[in-house]
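J.: So I've got this file, target-v2.cif, and it contains mmCIF, C-alpha atoms (C1' of nucleotides):
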```cif
data_protein
loop_
_atom_site.label_atom_id
_atom_site.label_comp_id
_atom_site.auth_asym_id
_atom_site.auth_seq_id
_atom_site.Cartn_x
_atom_site.Cartn_y
_atom_site.Cartn_z
CA MET A 1 0.00 0.00 0.00
CA LYS A 2 1.14 3.54 -0.52
CA LEU A 3 2.98 4.84 2.47
CA GLU A 4 0.85 7.98 2.66
CA GLU A 5 -2.24 5.87 3.30
CA GLU A 6 -0.58 3.55 5.75
CA ILE A 7 0.53 6.25 8.11
CA LYS A 8 -2.30 8.63 7.22
CA GLN A 9 0.06 11.41 6.28
CA LYS A 10 -1.21 13.67 3.55
CA LYS A 11 1.89 14.43 1.63
CA PHE A 12 5.63 14.48 1.90
CA LYS A 13 7.78 17.52 1.25
CA ASN A 14 9.69 15.64 -1.46
CA GLU A 15 10.80 12.17 -2.47
CA TYR A 16 13.80 12.24 -0.14
CA ASP A 17 11.61 13.06 2.80
CA LYS A 18 9.32 10.18 1.92
CA LEU A 19 12.29 7.88 1.40
CA ALA A 20 13.50 8.35 4.96
CA VAL A 21 10.09 7.42 6.31
CA ASN A 22 9.71 4.63 3.79
CA ILE A 23 12.92 2.92 4.84
CA ILE A 24 11.97 3.06 8.50
CA TYR A 25 8.47 1.86 7.78
CA THR A 26 9.53 -0.97 5.47
CA HIS A 27 12.10 -2.12 8.02
CA GLY A 28 9.32 -2.37 10.58
CA TRP A 29 7.14 -4.30 8.18
CA LEU A 30 9.97 -6.70 7.41
CA LEU A 31 11.01 -7.26 10.98
CA ASN A 32 7.44 -7.85 12.10
CA ASN A 33 7.01 -10.60 9.57
CA TYR A 34 10.44 -12.02 10.21
CA SER A 35 9.93 -12.09 13.95
CA SER A 36 6.69 -13.95 13.70
CA PHE A 37 8.51 -16.71 11.81
CA LEU A 38 11.33 -16.74 14.31
CA LYS A 39 8.95 -16.95 17.22
CA GLN A 40 8.27 -20.52 16.12
CA LEU A 41 11.95 -21.22 16.76
CA GLY A 42 12.08 -19.46 20.10
CA VAL A 43 14.79 -16.95 19.23
CA THR A 44 14.74 -13.25 18.42
CA ALA A 45 16.02 -11.76 15.18
CA SER A 46 19.30 -10.64 16.77
CA GLN A 47 19.85 -14.02 18.33
CA TYR A 48 19.16 -15.72 15.02
CA ASN A 49 21.67 -13.44 13.33
CA ILE A 50 24.34 -14.43 15.86
CA LEU A 51 23.59 -18.12 15.36
CA ARG A 52 23.98 -17.79 11.59
CA ILE A 53 27.35 -16.09 11.98
CA LEU A 54 28.47 -18.85 14.33
CA ARG A 55 27.37 -21.52 11.87
CA GLY A 56 29.46 -19.78 9.24
CA GLN A 57 32.52 -20.11 11.48
CA HIS A 58 31.79 -23.63 12.66
CA PRO A 59 33.70 -25.65 13.78
CA ASN A 60 35.93 -22.70 14.57
CA PRO A 61 34.97 -20.40 17.43
CA ALA A 62 34.20 -16.71 17.06
CA SER A 63 35.19 -13.92 19.42
CA ILE A 64 32.71 -11.34 20.65
CA ASN A 65 34.44 -8.80 18.42
CA LEU A 66 33.99 -10.91 15.35
CA LEU A 67 30.28 -11.20 16.14
CA LYS A 68 30.01 -7.44 16.61
CA GLU A 69 31.66 -6.77 13.27
CA ARG A 70 29.35 -9.03 11.35
CA MET A 71 26.04 -8.34 12.98
CA ILE A 72 23.57 -6.92 10.52
CA ASP A 73 21.97 -4.30 12.64
CA LYS A 74 24.32 -2.74 15.07
CA MET A 75 27.65 -3.05 16.80
CA SER A 76 25.94 -3.85 19.97
CA ASP A 77 25.45 -5.94 22.88
CA ALA A 78 27.03 -9.16 21.64
CA SER A 79 28.12 -10.07 25.18
CA ARG A 80 24.63 -10.19 26.52
CA LEU A 81 23.17 -11.75 23.38
CA VAL A 82 25.65 -14.60 23.75
CA GLU A 83 24.74 -14.86 27.41
CA ARG A 84 21.06 -15.37 26.51
CA LEU A 85 21.89 -17.89 23.81
CA LYS A 86 23.99 -19.79 26.32
CA LYS A 87 21.06 -19.97 28.72
CA LYS A 88 19.12 -21.61 25.89
CA GLU A 89 22.07 -23.97 25.33
CA LEU A 90 22.37 -22.86 21.71
CA VAL A 91 25.98 -21.69 22.10
CA GLU A 92 28.91 -22.40 24.39
CA ARG A 93 31.51 -19.98 25.58
CA GLU A 94 34.99 -20.41 27.01
CA ILE A 95 38.04 -18.28 27.60
CA CYS A 96 40.41 -18.29 24.66
CA PRO A 97 43.63 -20.06 25.75
CA SER A 98 45.95 -18.02 23.57
CA ASP A 99 44.53 -14.65 24.66
CA ARG A 100 42.71 -14.77 27.93
CA ARG A 101 40.96 -11.45 27.24
CA GLN A 102 38.97 -13.05 24.47
CA VAL A 103 36.21 -15.61 24.63
CA ASP A 104 35.67 -18.41 22.15
CA VAL A 105 32.00 -18.69 21.26
CA LYS A 106 30.78 -21.78 19.44
CA ILE A 107 27.41 -22.96 18.27
CA THR A 108 26.20 -26.19 19.91
CA ALA A 109 24.59 -29.22 18.26
CA LYS A 110 21.27 -27.91 19.56
CA GLY A 111 21.99 -24.57 17.90
CA LEU A 112 22.83 -26.23 14.60
CA LYS A 113 19.63 -28.23 14.75
CA LEU A 114 17.61 -25.07 15.29
CA LEU A 115 19.12 -23.56 12.17
CA GLN A 116 18.31 -26.67 10.16
CA ASP A 117 14.72 -26.48 11.30
CA SER A 118 14.70 -22.88 10.19
CA ASP A 119 15.40 -23.67 6.58
CA ASN A 120 11.79 -24.22 5.67
CA ILE A 121 10.87 -21.13 7.61
CA GLU A 122 13.25 -19.22 5.37
CA GLU A 123 11.26 -20.46 2.41
CA GLN A 124 8.02 -19.21 3.88
CA PHE A 125 9.81 -15.97 4.52
CA GLU A 126 10.79 -15.48 0.93
CA GLN A 127 7.11 -15.54 0.01
CA LEU A 128 7.02 -12.10 1.55
CA PHE A 129 8.92 -10.79 -1.44
CA LYS A 130 6.69 -12.24 -4.09
CA GLU A 131 5.34 -8.80 -5.01
CA ILE A 132 8.49 -7.83 -6.85
CA LYS A 133 10.47 -9.59 -9.55
CA PRO A 134 14.11 -10.69 -9.14
CA ALA A 135 15.31 -7.91 -11.42
CA GLU A 136 13.43 -5.39 -9.32
CA ALA A 137 14.96 -6.81 -6.16
CA LYS A 138 18.37 -6.33 -7.73
CA LEU A 139 17.49 -2.76 -8.67
CA LEU A 140 16.41 -2.09 -5.10
CA ASN A 141 19.63 -3.58 -3.78
CA ASP A 142 21.76 -1.46 -6.08
CA LEU A 143 19.91 1.72 -5.19
CA LEU A 144 20.18 1.04 -1.47
CA ASP A 145 23.90 0.27 -1.80
CA ARG A 146 24.40 3.55 -3.63
CA LEU A 147 22.23 5.50 -1.22
CA ARG A 148 24.60 4.69 1.63
CA GLY A 149 27.47 6.05 -0.45
CA MET B 150 29.55 0.61 -0.27
CA LYS B 151 28.36 -2.79 -1.33
CA LEU B 152 26.59 -4.60 1.43
CA GLU B 153 28.72 -7.72 1.01
CA GLU B 154 31.83 -5.77 1.95
CA GLU B 155 30.23 -3.91 4.81
CA ILE B 156 29.14 -6.99 6.67
CA LYS B 157 31.95 -9.18 5.32
CA GLN B 158 29.56 -11.74 3.96
CA LYS B 159 30.77 -13.54 0.91
CA LYS B 160 27.63 -13.93 -1.05
CA PHE B 161 23.90 -14.00 -0.74
CA LYS B 162 21.74 -16.88 -1.86
CA ASN B 163 19.77 -14.59 -4.16
CA GLU B 164 18.65 -10.99 -4.56
CA TYR B 165 15.69 -11.46 -2.21
CA ASP B 166 17.95 -12.76 0.50
CA LYS B 167 20.21 -9.78 0.08
CA LEU B 168 17.25 -7.42 0.02
CA ALA B 169 16.09 -8.50 3.46
CA VAL B 170 19.54 -7.82 4.89
CA ASN B 171 19.88 -4.62 2.90
CA ILE B 172 16.69 -3.12 4.28
CA ILE B 173 17.71 -3.89 7.84
CA TYR B 174 21.20 -2.57 7.27
CA THR B 175 20.09 0.60 5.50
CA HIS B 176 17.59 1.28 8.25
CA GLY B 177 20.40 1.10 10.78
CA TRP B 178 22.55 3.43 8.70
CA LEU B 179 19.70 5.91 8.41
CA LEU B 180 18.74 5.85 12.06
CA ASN B 181 22.33 6.27 13.16
CA ASN B 182 22.70 9.41 11.15
CA TYR B 183 19.27 10.67 12.08
CA SER B 184 19.86 10.11 15.77
CA SER B 185 23.08 12.05 15.77
CA PHE B 186 21.20 15.05 14.40
CA LEU B 187 18.41 14.65 16.91
CA LYS B 188 20.86 14.41 19.75
CA GLN B 189 21.48 18.11 19.24
CA LEU B 190 17.81 18.68 20.05
CA GLY B 191 17.79 16.42 23.06
CA VAL B 192 15.08 14.02 21.85
CA THR B 193 15.14 10.51 20.46
CA ALA B 194 13.81 9.54 17.04
CA SER B 195 10.56 8.15 18.49
CA GLN B 196 10.02 11.23 20.60
CA TYR B 197 10.63 13.45 17.59
CA ASN B 198 8.10 11.45 15.62
CA ILE B 199 5.47 11.99 18.33
CA LEU B 200 6.18 15.72 18.42
CA ARG B 201 5.70 15.98 14.67
CA ILE B 202 2.36 14.20 14.84
CA LEU B 203 1.27 16.53 17.65
CA ARG B 204 2.28 19.58 15.62
CA GLY B 205 0.16 18.26 12.79
CA GLN B 206 -2.84 18.19 15.11
CA HIS B 207 -2.14 21.47 16.84
CA PRO B 208 -4.05 23.24 18.31
CA ASN B 209 -6.23 20.17 18.67
CA PRO B 210 -5.18 17.46 21.10
CA ALA B 211 -4.36 13.88 20.14
CA SER B 212 -5.27 10.75 22.03
CA ILE B 213 -2.73 8.04 22.77
CA ASN B 214 -4.50 5.86 20.23
CA LEU B 215 -4.14 8.44 17.49
CA LEU B 216 -0.42 8.67 18.24
CA LYS B 217 -0.08 4.90 18.08
CA GLU B 218 -1.82 4.73 14.71
CA ARG B 219 0.42 7.32 13.13
CA MET B 220 3.79 6.42 14.54
CA ILE B 221 6.19 5.49 11.80
CA ASP B 222 7.85 2.54 13.39
CA LYS B 223 5.56 0.62 15.62
CA MET B 224 2.30 0.55 17.46
CA SER B 225 4.10 0.87 20.67
CA ASP B 226 4.65 2.50 23.89
CA ALA B 227 2.98 5.83 23.25
CA SER B 228 1.97 6.12 26.91
CA ARG B 229 5.51 6.08 28.17
CA LEU B 230 6.86 8.14 25.30
CA VAL B 231 4.37 10.86 26.18
CA GLU B 232 5.39 10.55 29.81
CA ARG B 233 9.03 11.25 28.92
CA LEU B 234 8.10 14.16 26.68
CA LYS B 235 6.03 15.60 29.51
CA LYS B 236 9.02 15.45 31.84
CA LYS B 237 10.88 17.54 29.27
CA GLU B 238 7.89 19.92 29.16
CA LEU B 239 7.49 19.39 25.43
CA VAL B 240 3.92 18.12 25.70
CA GLU B 241 1.03 18.40 28.14
CA ARG B 242 -1.52 15.78 28.97
CA GLU B 243 -4.97 15.92 30.52
CA ILE B 244 -7.95 13.67 30.84
CA CYS B 245 -10.42 14.10 28.00
CA PRO B 246 -13.62 15.62 29.46
CA SER B 247 -15.98 13.91 27.02
CA ASP B 248 -14.50 10.45 27.55
CA ARG B 249 -12.59 10.09 30.73
CA ARG B 250 -10.82 6.96 29.49
CA GLN B 251 -8.90 8.99 26.96
CA VAL B 252 -6.17 11.54 27.46
CA ASP B 253 -5.73 14.72 25.44
CA VAL B 254 -2.09 15.20 24.54
CA LYS B 255 -0.95 18.57 23.20
CA ILE B 256 2.39 19.98 22.17
CA THR B 257 3.59 22.93 24.27
CA ALA B 258 5.14 26.19 23.09
CA LYS B 259 8.50 24.75 24.09
CA GLY B 260 7.78 21.70 21.94
CA LEU B 261 6.84 23.85 18.96
CA LYS B 262 10.03 25.86 19.35
CA LEU B 263 12.10 22.68 19.37
CA LEU B 264 10.55 21.67 16.06
CA GLN B 265 11.29 25.08 14.57
CA ASP B 266 14.89 24.76 15.61
CA SER B 267 14.94 21.36 13.94
CA ASP B 268 14.18 22.75 10.52
CA ASN B 269 17.77 23.50 9.66
CA ILE B 270 18.76 20.14 11.06
CA GLU B 271 16.36 18.61 8.54
CA GLU B 272 18.30 20.34 5.81
CA GLN B 273 21.57 18.86 7.02
CA PHE B 274 19.81 15.57 7.14
CA GLU B 275 18.76 15.67 3.52
CA GLN B 276 22.43 15.92 2.57
CA LEU B 277 22.54 12.27 3.50
CA PHE B 278 20.59 11.47 0.36
CA LYS B 279 22.77 13.34 -2.05
CA GLU B 280 24.12 10.13 -3.56
CA ILE B 281 20.93 9.48 -5.47
CA LYS B 282 18.88 11.68 -7.79
CA PRO B 283 15.25 12.68 -7.13
CA ALA B 284 14.00 10.31 -9.84
CA GLU B 285 15.93 7.48 -8.22
CA ALA B 286 14.46 8.33 -4.85
CA LYS B 287 11.02 8.12 -6.41
CA LEU B 288 11.88 4.77 -7.97
CA LEU B 289 13.02 3.51 -4.58
CA ASN B 290 9.83 4.74 -2.97
CA ASP B 291 7.66 3.05 -5.56
CA LEU B 292 9.51 -0.23 -5.26
CA LEU B 293 9.32 -0.19 -1.47
CA ASP B 294 5.60 0.60 -1.58
CA ARG B 295 5.05 -2.30 -3.95
CA LEU B 296 7.26 -4.64 -1.95
CA ARG B 297 4.95 -4.34 1.04
CA GLY B 298 2.06 -5.33 -1.19
"C1'" DC C 299 -30.68 -0.93 36.05
"C1'" DA C 300 -27.20 -4.85 36.83
"C1'" DA C 301 -23.88 -7.93 34.74
"C1'" DC C 302 -20.82 -8.33 31.25
"C1'" DA C 303 -18.19 -6.88 27.15
"C1'" DT C 304 -15.46 -3.41 25.12
"C1'" DT C 305 -12.30 0.28 24.97
"C1'" DA C 306 -8.35 3.47 26.38
"C1'" DA C 307 -4.50 3.82 29.05
"C1'" DA C 308 -1.25 2.43 32.31
"C1'" DT C 309 1.84 -0.88 34.04
"C1'" DG C 310 5.02 -4.92 34.32
"C1'" DT C 311 8.39 -7.88 32.02
"C1'" DT C 312 11.91 -9.17 28.79
"C1'" DA C 313 15.12 -8.26 24.99
"C1'" DT C 314 17.50 -4.91 22.78
"C1'" DG C 315 20.41 -0.69 21.20
"C1'" DA C 316 23.19 3.07 22.55
"C1'" DC C 317 26.35 4.67 25.44
"C1'" DA C 318 29.59 5.16 29.40
"C1'" DT C 319 32.47 3.01 32.61
"C1'" DA C 320 34.92 -0.82 34.83
"C1'" DT C 321 37.97 -4.84 34.77
"C1'" DA C 322 41.21 -8.06 33.21
"C1'" DT C 323 44.79 -9.08 30.10
"C1'" DT C 324 48.27 -8.24 26.82
"C1'" DA C 325 51.53 -5.19 24.30
"C1'" DG C 326 55.12 -1.75 24.11
"C1'" DG C 327 58.56 1.57 25.55
"C1'" DG C 328 62.31 2.71 28.35
"C1'" DC D 329 61.41 -6.12 34.03
"C1'" DC D 330 58.10 -2.10 35.28
"C1'" DC D 331 54.79 1.26 33.98
"C1'" DT D 332 51.48 2.75 30.91
"C1'" DA D 333 48.64 2.26 26.80
"C1'" DA D 334 45.73 -0.53 24.21
"C1'" DT D 335 42.51 -4.28 23.77
"C1'" DA D 336 38.53 -7.58 24.76
"C1'" DT D 337 34.78 -8.12 27.49
"C1'" DA D 338 31.61 -7.20 31.04
"C1'" DT D 339 28.51 -4.29 33.43
"C1'" DG D 340 25.39 -0.41 34.49
"C1'" DT D 341 21.94 2.90 32.85
"C1'" DC D 342 18.39 4.66 29.95
"C1'" DA D 343 15.11 4.56 26.03
"C1'" DT D 344 12.63 1.58 23.44
"C1'" DA D 345 9.75 -2.48 21.15
"C1'" DA D 346 6.96 -6.31 21.91
"C1'" DC D 347 3.86 -8.39 24.56
"C1'" DA D 348 0.76 -9.55 28.50
"C1'" DT D 349 -1.92 -7.99 32.24
"C1'" DT D 350 -4.43 -4.59 34.91
"C1'" DT D 351 -7.41 -0.70 35.78
"C1'" DA D 352 -10.84 2.63 34.84
"C1'" DA D 353 -14.56 4.18 32.12
"C1'" DT D 354 -18.07 3.48 28.85
"C1'" DG D 355 -21.41 0.57 26.07
"C1'" DT D 356 -24.59 -3.06 25.61
"C1'" DT D 357 -27.96 -6.36 26.67
"C1'" DG D 358 -31.37 -8.75 29.03
#
```
Take the structure from the file and write it as structure tokens.

T.:
Amino acid sequence: MKLEEEIKQKKFKNEYDKLAVNIIYTHGWLLNNYSSFLKQLGVTASQYNILRILRGQHPNPASINLLKERMIDKMSDASRLVERLKKKELVEREICPSDRRQVDVKITAKGLKLLQDSDNIEEQFEQLFKEIKPAEAKLLNDLLDRLRG
Amino acid sequence: MKLEEEIKQKKFKNEYDKLAVNIIYTHGWLLNNYSSFLKQLGVTASQYNILRILRGQHPNPASINLLKERMIDKMSDASRLVERLKKKELVEREICPSDRRQVDVKITAKGLKLLQDSDNIEEQFEQLFKEIKPAEAKLLNDLLDRLRG
DNA sequence: CAACATTAAATGTTATGACATATATTAGGG
DNA sequence: CCCTAATATATGTCATAACATTTAATGTTG
């Protein structure tokens, strides 16, 4: 639906003004849908992101810094995210022997299983994008990449 | 910069997969920049959004429900957002006489002044979008509107 | 009108992002 | 080797989103 109708705003000053709102609004739309899929798995979007990074490293461990660098959304609270994942037994954490300041974080078998189960959820998720064609998705990606400069 | 480099991910499965990540990432980029402008005004992005809605209603009051409906990001904690804005004396709140369940929220003179001061910040903000042309911004807007179906 | 449903806000809880500060460990310079 | 700087995490605080529950007021129905 047109953004103007969805947030009941009459008109935007210009296309740039609308774009700012549109990005925020579309992000919310996306995350809402995404989260409702993830709820079936019992993890949040941030936690899921961490698990996917850890699977990419597996069987090697990742440090908290590596997780921070690769997180999609923000350089943020990787320490506490890992702590919550550990409570759920989806990751394990131990002090790195070669540098005792670091911690080695690894995904557990239970964590890997959760990601496997998520594969069909990913398929459902991609249905979300059925409104636009692959070429249009690519166009969107290129424009967004350029927007950020 | 290309998303793949920014998050150090080799490759995406397809353009849709990248698009999901790109929207989340671009939202973060936008909000980071936006927030640093708003910090000069002493309000957060959500609080600023509420103030703008209230200015749109002024001199009429808005109910909490109206604020929720029009918030850009989420149907969320309008009650507590208003509470924080009241502490800063940017809004006032009183029980609606005709329906005592509702509250009438209005922007104060101090709140209106803050928004005036923000106008030149808005201009700085639009510099952020200088990488793309107006027609490209419109294309982006149309694609995002269609994406959400 | 009395009992119950509905509605509008407020409140409580948990996870998070943003940010500052603290702590432990390692690295580097003299 | 000792002192200080830099580094990797952890921790504390505040604002927020998401969600459930509670409270107060109004509507509805028999």

J.: Report as JSON lines: every residue of segment 34-74 of chain A with an atom at most 12 Å from segment 303-325 of chain C, its closest pair of atoms, and their distance in Å to one decimal, counting all atoms listed in the file, with rows sorted by chain and ascending residue number.

T.:
```
{"residue": "A:Val43", "atom": "CA", "partner": "C:DA313", "partner_atom": "C1'", "distance": 10.4}
{"residue": "A:Thr44", "atom": "CA", "partner": "C:DA313", "partner_atom": "C1'", "distance": 8.3}
{"residue": "A:Ala45", "atom": "CA", "partner": "C:DT314", "partner_atom": "C1'", "distance": 10.3}
{"residue": "A:Ser46", "atom": "CA", "partner": "C:DT314", "partner_atom": "C1'", "distance": 8.5}
{"residue": "A:Gln47", "atom": "CA", "partner": "C:DA313", "partner_atom": "C1'", "distance": 10.0}
{"residue": "A:Asp73", "atom": "CA", "partner": "C:DG315", "partner_atom": "C1'", "distance": 9.4}
{"residue": "A:Lys74", "atom": "CA", "partner": "C:DG315", "partner_atom": "C1'", "distance": 7.6}
```

J.: May I ask you to extract the residues of chain D within 10 Å of chain A, using all atoms listed in the file, and to give them as a PyMOL selection string?

T.: chain D and resi 335-339+346

J.: Pairing the C-alpha atoms in order across the whole chain, superpose chain B onto chain A by least squares and write the result as a tab-separated table (two decimals) with C-alpha atoms, in the coordinates of the input.

T.:
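This is the output file part24.tsv:
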```
chain	number	residue	atom	x	y	z
B	150	MET	CA	-0.04	0.04	0.00
B	151	LYS	CA	1.16	3.57	-0.49
B	152	LEU	CA	3.00	4.88	2.49
B	153	GLU	CA	0.89	8.03	2.65
B	154	GLU	CA	-2.21	5.97	3.32
B	155	GLU	CA	-0.57	3.64	5.79
B	156	ILE	CA	0.59	6.36	8.12
B	157	LYS	CA	-2.23	8.76	7.22
B	158	GLN	CA	0.15	11.50	6.26
B	159	LYS	CA	-1.11	13.80	3.59
B	160	LYS	CA	1.99	14.50	1.65
B	161	PHE	CA	5.72	14.50	1.88
B	162	LYS	CA	7.88	17.52	1.22
B	163	ASN	CA	9.78	15.64	-1.48
B	164	GLU	CA	10.86	12.16	-2.51
B	165	TYR	CA	13.88	12.21	-0.18
B	166	ASP	CA	11.69	13.04	2.76
B	167	LYS	CA	9.39	10.18	1.89
B	168	LEU	CA	12.33	7.86	1.37
B	169	ALA	CA	13.58	8.33	4.91
B	170	VAL	CA	10.15	7.44	6.29
B	171	ASN	CA	9.74	4.62	3.79
B	172	ILE	CA	12.95	2.89	4.83
B	173	ILE	CA	12.01	3.06	8.49
B	174	TYR	CA	8.50	1.87	7.78
B	175	THR	CA	9.55	-0.96	5.48
B	176	HIS	CA	12.10	-2.11	8.02
B	177	GLY	CA	9.35	-2.35	10.60
B	178	TRP	CA	7.13	-4.28	8.21
B	179	LEU	CA	9.96	-6.69	7.44
B	180	LEU	CA	10.99	-7.25	11.02
B	181	ASN	CA	7.43	-7.84	12.12
B	182	ASN	CA	6.99	-10.59	9.61
B	183	TYR	CA	10.43	-12.00	10.24
B	184	SER	CA	9.92	-12.07	13.98
B	185	SER	CA	6.69	-13.97	13.73
B	186	PHE	CA	8.51	-16.70	11.83
B	187	LEU	CA	11.36	-16.75	14.31
B	188	LYS	CA	8.97	-16.98	17.20
B	189	GLN	CA	8.31	-20.54	16.09
B	190	LEU	CA	11.99	-21.25	16.71
B	191	GLY	CA	12.10	-19.53	20.05
B	192	VAL	CA	14.80	-16.98	19.21
B	193	THR	CA	14.74	-13.28	18.43
B	194	ALA	CA	16.00	-11.75	15.20
B	195	SER	CA	19.29	-10.64	16.79
B	196	GLN	CA	19.85	-14.04	18.33
B	197	TYR	CA	19.16	-15.71	15.00
B	198	ASN	CA	21.66	-13.42	13.34
B	199	ILE	CA	24.35	-14.42	15.86
B	200	LEU	CA	23.61	-18.11	15.34
B	201	ARG	CA	24.01	-17.73	11.59
B	202	ILE	CA	27.36	-16.02	11.98
B	203	LEU	CA	28.49	-18.80	14.33
B	204	ARG	CA	27.42	-21.46	11.84
B	205	GLY	CA	29.48	-19.69	9.23
B	206	GLN	CA	32.53	-20.02	11.46
B	207	HIS	CA	31.85	-23.55	12.62
B	208	PRO	CA	33.77	-25.55	13.73
B	209	ASN	CA	35.98	-22.59	14.55
B	210	PRO	CA	35.01	-20.33	17.43
B	211	ALA	CA	34.20	-16.63	17.11
B	212	SER	CA	35.17	-13.87	19.48
B	213	ILE	CA	32.67	-11.32	20.72
B	214	ASN	CA	34.40	-8.75	18.55
B	215	LEU	CA	33.96	-10.82	15.42
B	216	LEU	CA	30.26	-11.16	16.20
B	217	LYS	CA	29.95	-7.42	16.69
B	218	GLU	CA	31.62	-6.69	13.36
B	219	ARG	CA	29.32	-8.96	11.42
B	220	MET	CA	25.99	-8.30	13.03
B	221	ILE	CA	23.54	-6.91	10.54
B	222	ASP	CA	21.94	-4.26	12.65
B	223	LYS	CA	24.29	-2.76	15.12
B	224	MET	CA	27.59	-3.01	16.87
B	225	SER	CA	25.86	-3.86	20.02
B	226	ASP	CA	25.36	-6.01	22.93
B	227	ALA	CA	26.99	-9.19	21.70
B	228	SER	CA	28.08	-10.10	25.23
B	229	ARG	CA	24.57	-10.26	26.56
B	230	LEU	CA	23.14	-11.80	23.41
B	231	VAL	CA	25.62	-14.64	23.77
B	232	GLU	CA	24.69	-14.94	27.42
B	233	ARG	CA	21.02	-15.47	26.50
B	234	LEU	CA	21.88	-17.96	23.78
B	235	LYS	CA	24.00	-19.87	26.28
B	236	LYS	CA	21.06	-20.10	28.67
B	237	LYS	CA	19.13	-21.72	25.83
B	238	GLU	CA	22.10	-24.06	25.25
B	239	LEU	CA	22.42	-22.91	21.66
B	240	VAL	CA	26.01	-21.72	22.06
B	241	GLU	CA	28.94	-22.42	24.35
B	242	ARG	CA	31.53	-19.99	25.55
B	243	GLU	CA	35.01	-20.40	26.98
B	244	ILE	CA	38.02	-18.25	27.60
B	245	CYS	CA	40.42	-18.21	24.68
B	246	PRO	CA	43.64	-19.97	25.79
B	247	SER	CA	45.96	-17.88	23.62
B	248	ASP	CA	44.52	-14.55	24.76
B	249	ARG	CA	42.68	-14.73	28.00
B	250	ARG	CA	40.91	-11.42	27.34
B	251	GLN	CA	38.92	-12.99	24.55
B	252	VAL	CA	36.18	-15.57	24.67
B	253	ASP	CA	35.67	-18.36	22.16
B	254	VAL	CA	32.01	-18.67	21.27
B	255	LYS	CA	30.82	-21.76	19.41
B	256	ILE	CA	27.44	-22.96	18.23
B	257	THR	CA	26.27	-26.22	19.83
B	258	ALA	CA	24.66	-29.22	18.15
B	259	LYS	CA	21.34	-27.96	19.45
B	260	GLY	CA	22.04	-24.59	17.83
B	261	LEU	CA	22.89	-26.21	14.51
B	262	LYS	CA	19.70	-28.24	14.63
B	263	LEU	CA	17.65	-25.11	15.23
B	264	LEU	CA	19.14	-23.56	12.11
B	265	GLN	CA	18.34	-26.66	10.08
B	266	ASP	CA	14.77	-26.51	11.24
B	267	SER	CA	14.71	-22.87	10.17
B	268	ASP	CA	15.38	-23.67	6.55
B	269	ASN	CA	11.77	-24.25	5.65
B	270	ILE	CA	10.84	-21.17	7.62
B	271	GLU	CA	13.19	-19.24	5.35
B	272	GLU	CA	11.18	-20.48	2.41
B	273	GLN	CA	7.95	-19.21	3.92
B	274	PHE	CA	9.74	-16.00	4.56
B	275	GLU	CA	10.71	-15.49	0.95
B	276	GLN	CA	7.02	-15.56	0.05
B	277	LEU	CA	6.96	-12.12	1.59
B	278	PHE	CA	8.85	-10.80	-1.41
B	279	LYS	CA	6.60	-12.23	-4.05
B	280	GLU	CA	5.25	-8.81	-4.97
B	281	ILE	CA	8.40	-7.86	-6.81
B	282	LYS	CA	10.38	-9.64	-9.52
B	283	PRO	CA	14.02	-10.75	-9.12
B	284	ALA	CA	15.23	-7.97	-11.42
B	285	GLU	CA	13.35	-5.44	-9.30
B	286	ALA	CA	14.89	-6.86	-6.15
B	287	LYS	CA	18.30	-6.40	-7.73
B	288	LEU	CA	17.43	-2.83	-8.69
B	289	LEU	CA	16.37	-2.16	-5.11
B	290	ASN	CA	19.59	-3.66	-3.80
B	291	ASP	CA	21.72	-1.56	-6.12
B	292	LEU	CA	19.90	1.63	-5.22
B	293	LEU	CA	20.17	0.95	-1.50
B	294	ASP	CA	23.88	0.17	-1.83
B	295	ARG	CA	24.40	3.43	-3.68
B	296	LEU	CA	22.26	5.41	-1.27
B	297	ARG	CA	24.63	4.59	1.57
B	298	GLY	CA	27.48	5.93	-0.52
```

J.: Once the PyMOL selection byres ((chain D and resi 330) around 12) is applied to the coordinates I shared, what remains selected? I want it as a ChimeraX atom specification.

T.: /C:326-328 /D:329,331-332

J.: Give as a list in words the set of residues within 7 Å of the point (4.6, 22.3, 14.8), where distances use the file's coordinates and all atoms listed in the file.

T.: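 Output of the proximity query reads Arg201, Arg204, Gly205, Leu261 and Leu264 of chain B.
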
J.: Point out the residue among A:Lys68, A:His58, A:Arg146, A:Arg84 with the least atom-to-atom distance to chain B, counting all atoms listed in the file.

T.: A:Arg146

J.: Using all atoms listed in the file, which residue out of A:Leu81, A:Ile107, A:Val91, A:Leu41 lies closest to chain C?

T.: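 For chain C, the nearest of the candidates is A:Leu81.
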
J.: Distance atom CA of Thr257 of chain B-atom CA of Leu239 of chain B, one decimal place?

T.: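 Between atom CA of Thr257 of chain B and atom CA of Leu239 of chain B the gap is 5.4 Å.
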
J.: What is the atom CA of Lys237 of chain B-atom CA of Ala258 of chain B distance in Å, reported with one decimal?

T.: 12.1 Å

J.: For chain C, which of A:Gln40, A:Ser35, A:Ser76, A:Asn49 is the closest residue, counting only C-alpha atoms (C1' of nucleotides)?

T.: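 Checking each of A:Gln40, A:Ser35, A:Ser76, A:Asn49 against chain C, counting only C-alpha atoms (C1' of nucleotides), the winner is A:Ser76.
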
J.: Hey, can you check how far atom C1' of DA348 of chain D sits from atom CA of Glu232 of chain B?

T.: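 Going from atom C1' of DA348 of chain D over to atom CA of Glu232 of chain B covers 20.7 Å.
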
J.: Just so I have it separately, write segment 309-315 of chain C from the block I sent, keeping C-alpha atoms (C1' of nucleotides), as a compact mmCIF listing (two decimals), in the first residue's frame.

T.:
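Contents of the output file decode-v5.txt:
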```
# COMPACT_ATOMS: atom_id res chain seq x y z
C1' DT C 309 1.84 -0.88 34.04
C1' DG C 310 5.02 -4.92 34.32
C1' DT C 311 8.39 -7.88 32.02
C1' DT C 312 11.91 -9.17 28.79
C1' DA C 313 15.12 -8.26 24.99
C1' DT C 314 17.50 -4.91 22.78
C1' DG C 315 20.41 -0.69 21.20
```
